[in-house]
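Encoded as structure tokens, the structure appears first; notes follow it.
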Amino acid sequence: MPDAAIRVVGILEAEGFEAWFVGGFVRDALLGRPCSDIDIASNASWQQAQALFEAAGFKTHETGIVHGTLTVLVGNEAFEVTTYRRDGAYSDSRHPSSVEFVSSIEEDLARRDFTMNAIAFHPLRGLLDPYGGVGDLQAKTIRAVGDPAKRFSEDALRILRACRFAAQLGFDIEDETLFGMLSNKGIVYRVSAERVTHELDRLLTAPFAGSALAKYVDVLSCVLPELVSMKGFEQHTPYHIYDVLEHTAHVVDGVPAYRLVRWAALFHDMGKPACFFFGKNGVGHFYGHANVSVMLARGIMSRLKMSPTFANRVLTLVKHHDEVVEPTPRAVKRMLARLDGDVELFCALCDLKRGDARGQAPHCAGRIDAAYELEKVLADIQKTNEAFTLQSLAIDGRDVMALGIPHGPEVGKALSRALDAVIDERVPNEKSALLDYLSK
Ligand code: ATP
Ligand code: MG
């Protein structure tokens with residue numbers, strides 16, 4: 001418990017108000033997890049709280065005063081102090097049309113989403129846990145506060161929050177709660193794309209992302225309907241022991257937990273069900289599936305309003321995830337050139353390839369090492385400063401135009417041809433040799 005947090009509560013209580021630590025801070029402290037934001041609930045109004053903190057010499061920001069929230073700065077630390085409140089009627093399954101300030105912490109806890117998020121803590125009075133949140137934390141259970149169907153129908157974002165917490169904590173969603181989520185998933189479309197993306201980002205970068213994805217696919221299908229055809233889709237190949245969704249879940253969990261590669265893992269085989277056919281030998285084939293996965297991923301990321309720069313990087317990984325790259329300098333430089341020389345993207349591709357191999361049948365484990373080999377070759381290429389981008393060529397566009405090629409796309413094509421020749425070691429990366437090669 002940071003001293004500064006105790007001071008904030010102390011300042012309120014010295015003037016006769018009541019204050020409690022609430023929300024994710026209490027939950028995470030009980031779980032022994034680090035927590036980013038500390039929320040304090042109090043019966044002081046935000047104006048009363050502001051007057052007290054400013055008199056004590058602390059800066060405050062009116063960050064959410066419509067909802068009764070004031071941010072208090074103690075040194076570099078920020079605390080959100082929120083007046084006890086009850087949310088009024090919800091008109092759109094997302095925003096309460098009004099908030100009503102109430103006098104007791106119990107009423108404030110009743111508006112919170114899950115029992116584990118409805119525990120209050122006070123340094124002297126201890127825990128206040130009217131909904132059995134501590135027991136649910138011990139049992140690793142996510143349970144709605146109150147009637148699940150009603151709680152999800154008033155705020156559909158809670159449906160995604162439940163899946164996200166399952167992915168972050170490795171918890172199971174309690175049956176009635178899950179039923180309430182399923183019966184309301186049809187209204188998640190009312191949640192803004194930005195909020196959906198924010199929750200999916202947090203879900204995908206969490207430690208139990210893949211398992212949550214597989215377990216709660218029937219809920220997540222409300223924002224990612226493309227997952228439905230992956231569920232139970234058997235692959236019938238010697239390389240896979242899982243269906244497409246289970247395999248994807250293993251790949252997501254098998255790649256490092258950063259955003260770029262986790263999104264690419266989610267999408268990499270999404271096109272498989274659409275491309276499947278039985279070969280003459282009875283073995284499943286998926287020719288061209290990466291391109292169909294790209295098409296689906298593009299649609300999803302545009303619908304989720306993700307940044308085009310990020311989306312393009314994800315699409316590049318999906319597109320190339322299945323291409324065989326031999327662990328030779330030439331093959332690695334060729335792939336680097338296809339990635340516009342983006343070394344970070346190349347490493348993400350190696351991460352994805354390793355994850356993909358981890359999600360295949362055990363006898364494919366050799367493919368995991370193959371991706372490490374590629375990174376070793378990359379390191380050697382970097383050490384010797386070998387060319388793999390147009391920028392690293394000894395000639396540029398002006399040199400090409402001086403050969404008589406007019407300004408336009410032909411210049412780029414000529415440079416690419418020169419780069420191919422350098423990568424293939426047919427021509428040294430020297431100006432005269434390259435110009436001679438191009439003029440021929
Ligand atoms: P994290 O900060 O890791 O996202 P958190 O539980 O602290 O988790 P916040 O969004 O910071 O989540 O919200 C703080 C608290 O406010 C929650 O613990 C919960 O009690 C309550 N809360 C947040 N969003 C909702 C919601 N949509 N419906 C009901 N209660 C909510
Ligand atoms: Mg929080």
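To be explicit about the labels: the chains of the structure tokens are called A, B, and onward in the order shown, and within each one the residues are counted from 1, while ligands get numbers from 1 in the order they are shown.
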Neighbouring residues of ligand 2 are defined here as those with any atom at most 12 Å from a ligand atom, counting only C-alpha atoms and all ligand atoms; list them as JSON, numbers by chain.
{"A": [21, 22, 23, 24, 25, 26, 27, 28, 29, 34, 35, 36, 37, 38, 39, 40, 79, 80, 117, 161, 165]}
A:Gly135 surroundings by only C-alpha atoms, 12 Å radius, close-in-sequence under 2 positions cut, as a ChimeraX atom specification
/A:27,30-31,115-116,119,129-133,137-143
What does the distance between atom CA of A:Ala5 and atom CA of A:Thr83 come to in Å, to one decimal place?
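Atom-to-atom, atom CA of A:Ala5 to atom CA of A:Thr83, that is 16.3 Å.
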Within 10 Å of A:Val411 using only C-alpha atoms, minus same-chain residues under 6 positions, as a ChimeraX atom specification
/A:396-401,404-405,417
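Straight-line separation from atom CA of A:Ala421 to atom CA of A:Val343: 20.5 Å.
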Write out as number ranges by chain the set of residues from stretch 242-312 of chain A that DSSP, computed on the backbone, places in helix (DSSP H, G or I).
A: 244-254, 259-267, 272-275, 289-303, 308-312
Save the residues we just selected, N, CA and C atoms, as a compact mmCIF listing (two decimals), in the first residue's frame?
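What follows is the written file part-v1.txt:
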# COMPACT_ATOMS: atom_id res chain seq x y z
N VAL A 244 -8.74 -25.88 -36.33
CA VAL A 244 -8.15 -24.58 -36.67
C VAL A 244 -8.19 -23.62 -35.47
N LEU A 245 -9.28 -23.63 -34.73
CA LEU A 245 -9.38 -22.71 -33.59
C LEU A 245 -8.42 -23.11 -32.46
N GLU A 246 -8.40 -24.43 -32.15
CA GLU A 246 -7.49 -24.87 -31.08
C GLU A 246 -6.04 -24.57 -31.45
N HIS A 247 -5.73 -24.81 -32.71
CA HIS A 247 -4.36 -24.53 -33.17
C HIS A 247 -4.06 -23.03 -33.00
N THR A 248 -5.02 -22.18 -33.42
CA THR A 248 -4.82 -20.73 -33.30
C THR A 248 -4.60 -20.35 -31.84
N ALA A 249 -5.39 -20.96 -30.95
CA ALA A 249 -5.26 -20.66 -29.52
C ALA A 249 -3.85 -21.01 -29.03
N HIS A 250 -3.34 -22.16 -29.49
CA HIS A 250 -1.98 -22.55 -29.08
C HIS A 250 -0.95 -21.59 -29.65
N VAL A 251 -1.17 -21.14 -30.88
CA VAL A 251 -0.20 -20.23 -31.49
C VAL A 251 -0.21 -18.90 -30.73
N VAL A 252 -1.40 -18.40 -30.41
CA VAL A 252 -1.49 -17.14 -29.67
C VAL A 252 -0.72 -17.27 -28.35
N ASP A 253 -0.95 -18.37 -27.64
CA ASP A 253 -0.24 -18.55 -26.36
C ASP A 253 1.24 -18.86 -26.57
N GLY A 254 1.59 -19.31 -27.77
CA GLY A 254 2.98 -19.72 -28.02
C GLY A 254 3.86 -18.61 -28.56
N ARG A 259 1.65 -6.93 -28.95
CA ARG A 259 0.44 -6.71 -29.71
C ARG A 259 0.54 -7.19 -31.16
N LEU A 260 1.62 -6.80 -31.83
CA LEU A 260 1.74 -7.07 -33.26
C LEU A 260 1.64 -8.57 -33.56
N VAL A 261 2.44 -9.34 -32.87
CA VAL A 261 2.51 -10.76 -33.21
C VAL A 261 1.28 -11.53 -32.70
N ARG A 262 0.68 -11.02 -31.62
CA ARG A 262 -0.53 -11.70 -31.10
C ARG A 262 -1.71 -11.52 -32.07
N TRP A 263 -1.86 -10.32 -32.62
CA TRP A 263 -2.93 -10.11 -33.61
C TRP A 263 -2.67 -10.97 -34.85
N ALA A 264 -1.39 -11.00 -35.27
CA ALA A 264 -1.06 -11.80 -36.46
C ALA A 264 -1.36 -13.28 -36.18
N ALA A 265 -1.05 -13.73 -34.96
CA ALA A 265 -1.32 -15.14 -34.60
C ALA A 265 -2.82 -15.41 -34.66
N LEU A 266 -3.60 -14.46 -34.18
CA LEU A 266 -5.06 -14.65 -34.20
C LEU A 266 -5.55 -14.86 -35.64
N PHE A 267 -4.97 -14.11 -36.57
CA PHE A 267 -5.48 -14.12 -37.94
C PHE A 267 -4.84 -15.18 -38.84
N LYS A 272 -8.28 -20.63 -43.40
CA LYS A 272 -8.21 -22.07 -43.68
C LYS A 272 -9.57 -22.71 -43.98
N PRO A 273 -10.58 -22.48 -43.15
CA PRO A 273 -11.86 -23.16 -43.45
C PRO A 273 -12.37 -22.85 -44.86
N ALA A 274 -12.10 -21.63 -45.34
CA ALA A 274 -12.59 -21.26 -46.67
C ALA A 274 -11.78 -21.92 -47.78
N CYS A 275 -10.55 -22.35 -47.46
CA CYS A 275 -9.67 -22.87 -48.53
C CYS A 275 -9.52 -24.38 -48.49
N HIS A 289 -4.34 -20.22 -48.34
CA HIS A 289 -5.11 -19.77 -47.18
C HIS A 289 -4.58 -18.47 -46.59
N ALA A 290 -3.24 -18.25 -46.71
CA ALA A 290 -2.69 -17.03 -46.09
C ALA A 290 -3.31 -15.79 -46.73
N ASN A 291 -3.54 -15.86 -48.04
CA ASN A 291 -4.13 -14.69 -48.70
C ASN A 291 -5.58 -14.47 -48.27
N VAL A 292 -6.30 -15.56 -48.05
CA VAL A 292 -7.68 -15.41 -47.57
C VAL A 292 -7.66 -14.89 -46.12
N SER A 293 -6.69 -15.38 -45.34
CA SER A 293 -6.56 -14.85 -43.96
C SER A 293 -6.31 -13.35 -44.00
N VAL A 294 -5.47 -12.92 -44.95
CA VAL A 294 -5.17 -11.48 -45.08
C VAL A 294 -6.46 -10.71 -45.38
N MET A 295 -7.26 -11.27 -46.28
CA MET A 295 -8.50 -10.59 -46.66
C MET A 295 -9.44 -10.45 -45.45
N LEU A 296 -9.56 -11.53 -44.69
CA LEU A 296 -10.44 -11.48 -43.51
C LEU A 296 -9.88 -10.51 -42.46
N ALA A 297 -8.56 -10.60 -42.25
CA ALA A 297 -7.92 -9.75 -41.24
C ALA A 297 -8.07 -8.28 -41.61
N ARG A 298 -7.95 -7.99 -42.89
CA ARG A 298 -8.07 -6.59 -43.33
C ARG A 298 -9.47 -6.06 -42.99
N GLY A 299 -10.47 -6.88 -43.26
CA GLY A 299 -11.85 -6.47 -42.97
C GLY A 299 -12.05 -6.25 -41.47
N ILE A 300 -11.51 -7.16 -40.68
CA ILE A 300 -11.71 -7.05 -39.22
C ILE A 300 -11.03 -5.79 -38.68
N MET A 301 -9.79 -5.57 -39.10
CA MET A 301 -9.05 -4.43 -38.53
C MET A 301 -9.63 -3.10 -38.99
N SER A 302 -10.23 -3.09 -40.17
CA SER A 302 -10.85 -1.85 -40.61
C SER A 302 -12.16 -1.62 -39.82
N ARG A 303 -12.92 -2.68 -39.62
CA ARG A 303 -14.14 -2.59 -38.81
C ARG A 303 -13.82 -2.15 -37.38
N PRO A 308 -4.11 2.17 -39.72
CA PRO A 308 -3.69 1.50 -40.95
C PRO A 308 -2.23 1.07 -40.91
N THR A 309 -1.37 1.82 -40.25
CA THR A 309 0.05 1.45 -40.20
C THR A 309 0.20 0.12 -39.44
N PHE A 310 -0.46 0.04 -38.30
CA PHE A 310 -0.39 -1.20 -37.52
C PHE A 310 -1.01 -2.35 -38.31
N ALA A 311 -2.18 -2.08 -38.90
CA ALA A 311 -2.90 -3.13 -39.64
C ALA A 311 -2.01 -3.67 -40.77
N ASN A 312 -1.31 -2.78 -41.46
CA ASN A 312 -0.47 -3.24 -42.57
C ASN A 312 0.66 -4.15 -42.10
Have a look at A:Arg86, A:Arg195, A:Arg158, A:Lys383 and name the one nearest to A:Ile105; count only C-alpha atoms.
A:Arg86
I'd like the neighbourhood of A:Ala44 as a count of residues only, where a residue qualifies if any of its atoms comes within 8 Å (using only C-alpha atoms), though same-chain residues fewer than 4 positions away should be ignored.
6
Which residues in stretch 20-241 of chain A does DSSP call strand (DSSP E or B)? List them as a ChimeraX atom specification.
/A:20-22,38-42,59-64,69-74,77-83,85-87,90,96,99-101,114,120-122,126-128,141-142,144,172-173
For the selection just defined, write its residues with C-alpha atoms to a file, as a PDB file, in the first residue's frame.
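Here's the written file out00.pdb:
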ATOM      1  CA  TRP A  20     -12.154   3.109   0.747  1.00  0.00           C
ATOM      2  CA  PHE A  21      -9.806   1.611  -1.777  1.00  0.00           C
ATOM      3  CA  VAL A  22     -11.862  -0.082  -4.474  1.00  0.00           C
ATOM      4  CA  ILE A  38      -5.441   3.212  -7.627  1.00  0.00           C
ATOM      5  CA  ASP A  39      -9.135   4.018  -7.219  1.00  0.00           C
ATOM      6  CA  ILE A  40     -10.568   5.463  -4.035  1.00  0.00           C
ATOM      7  CA  ALA A  41     -14.302   5.781  -3.354  1.00  0.00           C
ATOM      8  CA  SER A  42     -15.590   8.321  -0.867  1.00  0.00           C
ATOM      9  CA  LYS A  59      -2.897  19.443  -7.336  1.00  0.00           C
ATOM     10  CA  THR A  60      -6.191  18.069  -8.601  1.00  0.00           C
ATOM     11  CA  HIS A  61      -7.660  17.531 -12.068  1.00  0.00           C
ATOM     12  CA  GLU A  62     -11.338  17.493 -12.843  1.00  0.00           C
ATOM     13  CA  THR A  63     -10.967  14.370 -14.991  1.00  0.00           C
ATOM     14  CA  GLY A  64     -14.459  12.890 -14.711  1.00  0.00           C
ATOM     15  CA  THR A  69     -14.278  11.519 -10.319  1.00  0.00           C
ATOM     16  CA  LEU A  70     -11.422  13.809  -9.330  1.00  0.00           C
ATOM     17  CA  THR A  71      -7.754  13.000  -9.932  1.00  0.00           C
ATOM     18  CA  VAL A  72      -5.419  13.892  -7.072  1.00  0.00           C
ATOM     19  CA  LEU A  73      -1.691  14.198  -7.645  1.00  0.00           C
ATOM     20  CA  VAL A  74       0.661  13.365  -4.799  1.00  0.00           C
ATOM     21  CA  GLU A  77       1.432   9.519  -8.265  1.00  0.00           C
ATOM     22  CA  ALA A  78      -2.153  10.000  -9.394  1.00  0.00           C
ATOM     23  CA  PHE A  79      -5.209   8.738  -7.531  1.00  0.00           C
ATOM     24  CA  GLU A  80      -8.774   8.751  -8.728  1.00  0.00           C
ATOM     25  CA  VAL A  81     -11.187   9.748  -6.010  1.00  0.00           C
ATOM     26  CA  THR A  82     -14.805   9.038  -6.939  1.00  0.00           C
ATOM     27  CA  THR A  83     -17.912   9.906  -4.989  1.00  0.00           C
ATOM     28  CA  ARG A  85     -22.528   6.535  -6.858  1.00  0.00           C
ATOM     29  CA  ARG A  86     -25.173   4.390  -8.377  1.00  0.00           C
ATOM     30  CA  ASP A  87     -25.591   4.352 -12.138  1.00  0.00           C
ATOM     31  CA  TYR A  90     -28.826   2.705 -19.205  1.00  0.00           C
ATOM     32  CA  PRO A  96     -25.863   5.362 -17.894  1.00  0.00           C
ATOM     33  CA  VAL A  99     -25.442   8.916 -12.289  1.00  0.00           C
ATOM     34  CA  GLU A 100     -26.848   9.328  -8.844  1.00  0.00           C
ATOM     35  CA  PHE A 101     -24.562  10.006  -5.890  1.00  0.00           C
ATOM     36  CA  PHE A 114     -17.863  -8.514 -11.099  1.00  0.00           C
ATOM     37  CA  ALA A 120     -13.476  -2.453  -0.772  1.00  0.00           C
ATOM     38  CA  PHE A 121     -10.437  -2.202   1.481  1.00  0.00           C
ATOM     39  CA  HIS A 122      -9.545   0.194   4.267  1.00  0.00           C
ATOM     40  CA  GLY A 126     -10.033  -4.118   6.547  1.00  0.00           C
ATOM     41  CA  LEU A 127     -11.999  -5.727   3.720  1.00  0.00           C
ATOM     42  CA  LEU A 128     -15.626  -5.094   2.865  1.00  0.00           C
ATOM     43  CA  THR A 141     -14.120 -17.382 -10.814  1.00  0.00           C
ATOM     44  CA  ILE A 142     -15.543 -14.381 -12.624  1.00  0.00           C
ATOM     45  CA  ALA A 144     -21.396 -10.892 -12.121  1.00  0.00           C
ATOM     46  CA  ASP A 172     -13.253 -19.251 -15.518  1.00  0.00           C
ATOM     47  CA  ILE A 173     -16.507 -17.410 -16.004  1.00  0.00           C
TER      48      ILE A 173
END
